[in-house]
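One structure is given below, encoded as structure tokens.
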Amino acid sequence: MGNRRFLKGKAGGGKRTGFTGLRAALFILYAFLGVMVAASFLFYLSRLAGAPSAGQGSSSREDTFSREKEALAAPENVRVTVGKGATIRWDAREDIRIIGYNVYRYKAGGDPGTRVNPAIVSDNVYHDDEGTMFNTYAVAPVDTNGREGTVSIPVAGEVEPVSLIGLTPTQEPEVIEDTTISTPPAKPLPPTLVGCDSQGMTYHGVWYKEHYAEVTGGVIMTTPYGGDFCTYTFTGDSVAVVSTRHWNYGIMQVYVDGELRAEVDLYSPQVKVSDTVFTASGLGPGAHTVKLVCAGRKNQDANFTFINLEALQVR
């Protein structure tokens with residue numbers, strides 16, 4: 001009996017010792033896990049404190065964008081030829097980021113330029129139907145994100161410097177932009193003729209004052225730009241428009257006192273100077289205003305959309 005009681009007591013003590021060891025192991029495990037969680041939380045807080053603010057991140061992205069934009073260099077060897085529009089060519093750069101190009105057309109002076117391609121040009125050539133020898137062109141690369149790089153230096157067309165081949169130029173063309181002429185014409189005309197450079201003639205947009213020996217008064221005003229126009233207010237019962245017809249000329253709209261009276265096609269396969277292209281009579285007493293507008297359109301056989309004025313005949 002005594003031996004059995006002794007054995008039972010020894011077995012019970014072994015169970016208590018094993019339970020105590022298990023609790024110690026669990027305590028150590030929980031403590032380790034707690035330390036790991038605390039360390040992870042502290043690490044998160046340190047990362048959060050060191051992260052840039054929203055503004056700083058935006059600035060960094062803008063700086064990166066700016067550097068990438070500057071790094072996308074303009075194409076080289078841009079050249080322009082004119083003949084029934086303008087054809088622009090350039091040498092593509094070896095840059096895998098470039099997916100295409102934008103082409104810009106400039107009128108004159110401080111014109112900011114207009115993008116003429118409706119979609120990105122994937123080739124290294126583009127034809128502008130409305131281009132003339134008075135335009136300049138520039139090309140800019142576009143990257144895979146649609147961002148534009150450096151724009152090339154504007155280049156002029158490689159053609160004759162005047163619009164009227166077949167006539168005799170006496171001096172270089174002059175740019176006339178948003179101007180009302182306030183000085184007398186250089187060459188006197190008959191009393192019924194009002195030259196295109198006479199006092200009171202107003203030109204809106206970009207026009208070119210060209211000098212030829214054959215035209216009325218030796219001067220002609222031209223523009224190829226749709227929507228550009230000239231006006232003149234006079235006193236008389238009738239008015240006639242005197243212009244040159246040429247293969248570079250397009251459609252001119254003629255208004256009298258705000259009413260569209262005619263669309264005159266100035267195209268001709270042969271040069272015809274001092275041609276009376278429009279007449280309106282029976283206007284009645286008082287002041288009247290004639291307005292000539294470049295329609296920006298042309299005969300299919302014409303080279304360009306130019307319109308022109310040599311003189312007005314007022315009676």
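Order determines the names: the first chain of the structure tokens is A, the second B, and so forth; residues in each chain are numbered 1 upward, and ligands are numbered 1 upward as they are shown.
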So which residues of stretch 136-228 of chain A fall under strand (DSSP E) by DSSP, listed as a PyMOL selection string?
-> chain A and resi 136-143+155-156+169-180+193-195+202-212+219-223
Write the residues of the preceding selection, restricted to N, CA and C atoms, as a compact mmCIF listing (two decimals), in the first residue's frame.
# COMPACT_ATOMS: atom_id res chain seq x y z
N THR A 136 5.77 80.26 -91.54
CA THR A 136 6.91 79.51 -91.04
C THR A 136 6.37 78.32 -90.25
N TYR A 137 7.20 77.29 -90.10
CA TYR A 137 6.75 76.05 -89.45
C TYR A 137 7.79 75.57 -88.44
N ALA A 138 7.29 74.92 -87.37
CA ALA A 138 8.15 74.30 -86.38
C ALA A 138 7.56 72.94 -86.02
N VAL A 139 8.42 72.05 -85.50
CA VAL A 139 8.00 70.68 -85.18
C VAL A 139 8.45 70.36 -83.75
N ALA A 140 7.58 69.65 -83.01
CA ALA A 140 7.90 69.24 -81.64
C ALA A 140 7.65 67.75 -81.47
N PRO A 141 8.55 67.02 -80.77
CA PRO A 141 8.34 65.59 -80.53
C PRO A 141 7.32 65.36 -79.43
N VAL A 142 6.68 64.20 -79.44
CA VAL A 142 5.70 63.82 -78.41
C VAL A 142 6.10 62.45 -77.88
N ASP A 143 6.08 62.27 -76.52
CA ASP A 143 6.51 61.00 -75.95
C ASP A 143 5.33 60.06 -75.73
N VAL A 155 10.80 77.63 -89.40
CA VAL A 155 11.51 77.66 -90.68
C VAL A 155 10.55 78.13 -91.76
N ALA A 156 11.01 78.99 -92.65
CA ALA A 156 10.19 79.50 -93.75
C ALA A 156 10.24 78.57 -94.94
N PRO A 169 8.41 92.47 -109.42
CA PRO A 169 8.46 93.09 -108.09
C PRO A 169 9.44 94.25 -108.07
N THR A 170 9.06 95.32 -107.38
CA THR A 170 9.92 96.50 -107.29
C THR A 170 10.60 96.62 -105.93
N GLN A 171 10.10 95.91 -104.92
CA GLN A 171 10.74 95.84 -103.61
C GLN A 171 10.14 94.68 -102.83
N GLU A 172 10.72 94.39 -101.68
CA GLU A 172 10.27 93.25 -100.87
C GLU A 172 8.89 93.52 -100.28
N PRO A 173 8.08 92.45 -100.05
CA PRO A 173 6.77 92.63 -99.41
C PRO A 173 6.90 93.18 -98.00
N GLU A 174 5.86 93.87 -97.54
CA GLU A 174 5.80 94.38 -96.18
C GLU A 174 4.61 93.75 -95.46
N VAL A 175 4.77 93.50 -94.17
CA VAL A 175 3.67 92.93 -93.39
C VAL A 175 2.80 94.05 -92.85
N ILE A 176 1.49 93.94 -93.10
CA ILE A 176 0.51 94.91 -92.59
C ILE A 176 -0.42 94.14 -91.67
N GLU A 177 -0.45 94.50 -90.39
CA GLU A 177 -1.23 93.72 -89.43
C GLU A 177 -2.11 94.64 -88.59
N ASP A 178 -3.43 94.40 -88.65
CA ASP A 178 -4.41 95.16 -87.85
C ASP A 178 -4.10 96.66 -87.91
N THR A 179 -4.21 97.21 -89.10
CA THR A 179 -3.77 98.60 -89.34
C THR A 179 -4.81 99.39 -90.13
N THR A 180 -5.00 100.65 -89.73
CA THR A 180 -5.74 101.62 -90.54
C THR A 180 -4.72 102.58 -91.12
N LEU A 193 -10.51 106.61 -108.18
CA LEU A 193 -9.82 105.40 -107.70
C LEU A 193 -9.26 105.61 -106.30
N VAL A 194 -9.52 104.65 -105.44
CA VAL A 194 -8.98 104.64 -104.08
C VAL A 194 -8.01 103.46 -103.99
N GLY A 195 -6.72 103.75 -103.93
CA GLY A 195 -5.72 102.68 -103.91
C GLY A 195 -5.77 101.88 -102.62
N THR A 202 -8.63 100.04 -93.88
CA THR A 202 -8.36 99.32 -92.64
C THR A 202 -8.19 97.83 -92.93
N TYR A 203 -7.10 97.27 -92.40
CA TYR A 203 -6.79 95.85 -92.61
C TYR A 203 -6.79 95.12 -91.27
N HIS A 204 -7.60 94.06 -91.18
CA HIS A 204 -7.68 93.25 -89.97
C HIS A 204 -7.01 91.90 -90.23
N GLY A 205 -6.18 91.47 -89.29
CA GLY A 205 -5.42 90.25 -89.48
C GLY A 205 -4.07 90.55 -90.11
N VAL A 206 -3.49 89.57 -90.78
CA VAL A 206 -2.17 89.71 -91.39
C VAL A 206 -2.30 89.82 -92.90
N TRP A 207 -1.86 90.95 -93.44
CA TRP A 207 -1.86 91.20 -94.88
C TRP A 207 -0.43 91.49 -95.32
N TYR A 208 -0.21 91.39 -96.63
CA TYR A 208 1.11 91.66 -97.19
C TYR A 208 0.99 92.71 -98.28
N LYS A 209 1.77 93.76 -98.11
CA LYS A 209 1.82 94.85 -99.08
C LYS A 209 2.92 94.52 -100.08
N GLU A 210 2.52 94.18 -101.31
CA GLU A 210 3.47 93.77 -102.33
C GLU A 210 3.57 94.85 -103.41
N HIS A 211 4.73 94.96 -103.99
CA HIS A 211 5.02 96.04 -104.93
C HIS A 211 5.35 95.46 -106.31
N TYR A 212 4.53 95.81 -107.30
CA TYR A 212 4.75 95.35 -108.67
C TYR A 212 4.57 96.53 -109.63
N VAL A 219 1.04 98.97 -106.15
CA VAL A 219 0.93 98.29 -104.86
C VAL A 219 -0.30 97.39 -104.86
N ILE A 220 -0.19 96.24 -104.18
CA ILE A 220 -1.32 95.34 -104.02
C ILE A 220 -1.28 94.78 -102.61
N MET A 221 -2.45 94.63 -101.98
CA MET A 221 -2.56 94.04 -100.65
C MET A 221 -3.10 92.62 -100.78
N THR A 222 -2.45 91.66 -100.12
CA THR A 222 -2.87 90.27 -100.22
C THR A 222 -2.89 89.61 -98.86
N THR A 223 -3.76 88.59 -98.71
CA THR A 223 -3.75 87.73 -97.52
C THR A 223 -4.26 86.35 -97.91
In Å and to one decimal, atom CA of A:Leu283 is distant from atom CA of A:Asp257 by 9.3 Å
Residue neighbourhood A:Gly217, 9 Å, only C-alpha atoms, exclusion window fewer than 4 positions, as JSON, numbers by chain = {"A": [185, 186, 187, 188, 189, 195, 196, 197, 212, 213, 310, 311]}
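Distances here use only C-alpha atoms; by that measure, the residue among A:Arg261, A:Lys84, A:Arg315, A:Arg97 closest to A:Lys291 is A:Arg261.
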Hey, can you check how far atom CA of A:Arg297 sits from atom CA of A:Gly218?
->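 Atom-to-atom, atom CA of A:Arg297 to atom CA of A:Gly218, that is 26.6 Å.
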Stretch 216-267 of chain A near stretch 277-280 of chain A within 10 Å: what's each residue's closest atom pair and its distance in Å to one decimal, counting only C-alpha atoms, ordered by chain then ascending residue number, as a tab-separated table?
residue	atom	partner	partner_atom	distance
A:Asp237	CA	A:Ala280	CA	8.5
A:Ser238	CA	A:Ala280	CA	5.5
A:Val239	CA	A:Ala280	CA	5.5
A:Ala240	CA	A:Thr279	CA	4.2
A:Val241	CA	A:Phe278	CA	5.2
A:Val242	CA	A:Val277	CA	6.0
A:Ser243	CA	A:Val277	CA	6.5
A:Thr244	CA	A:Val277	CA	8.6
A:Arg245	CA	A:Val277	CA	8.8
A:Met252	CA	A:Val277	CA	9.9
A:Val254	CA	A:Phe278	CA	8.0
A:Val256	CA	A:Ala280	CA	8.2
A:Arg261	CA	A:Ala280	CA	8.3
A:Ala262	CA	A:Phe278	CA	7.8
A:Glu263	CA	A:Phe278	CA	9.3
A:Val264	CA	A:Val277	CA	7.0
A:Asp265	CA	A:Val277	CA	8.7
A:Leu266	CA	A:Val277	CA	8.0
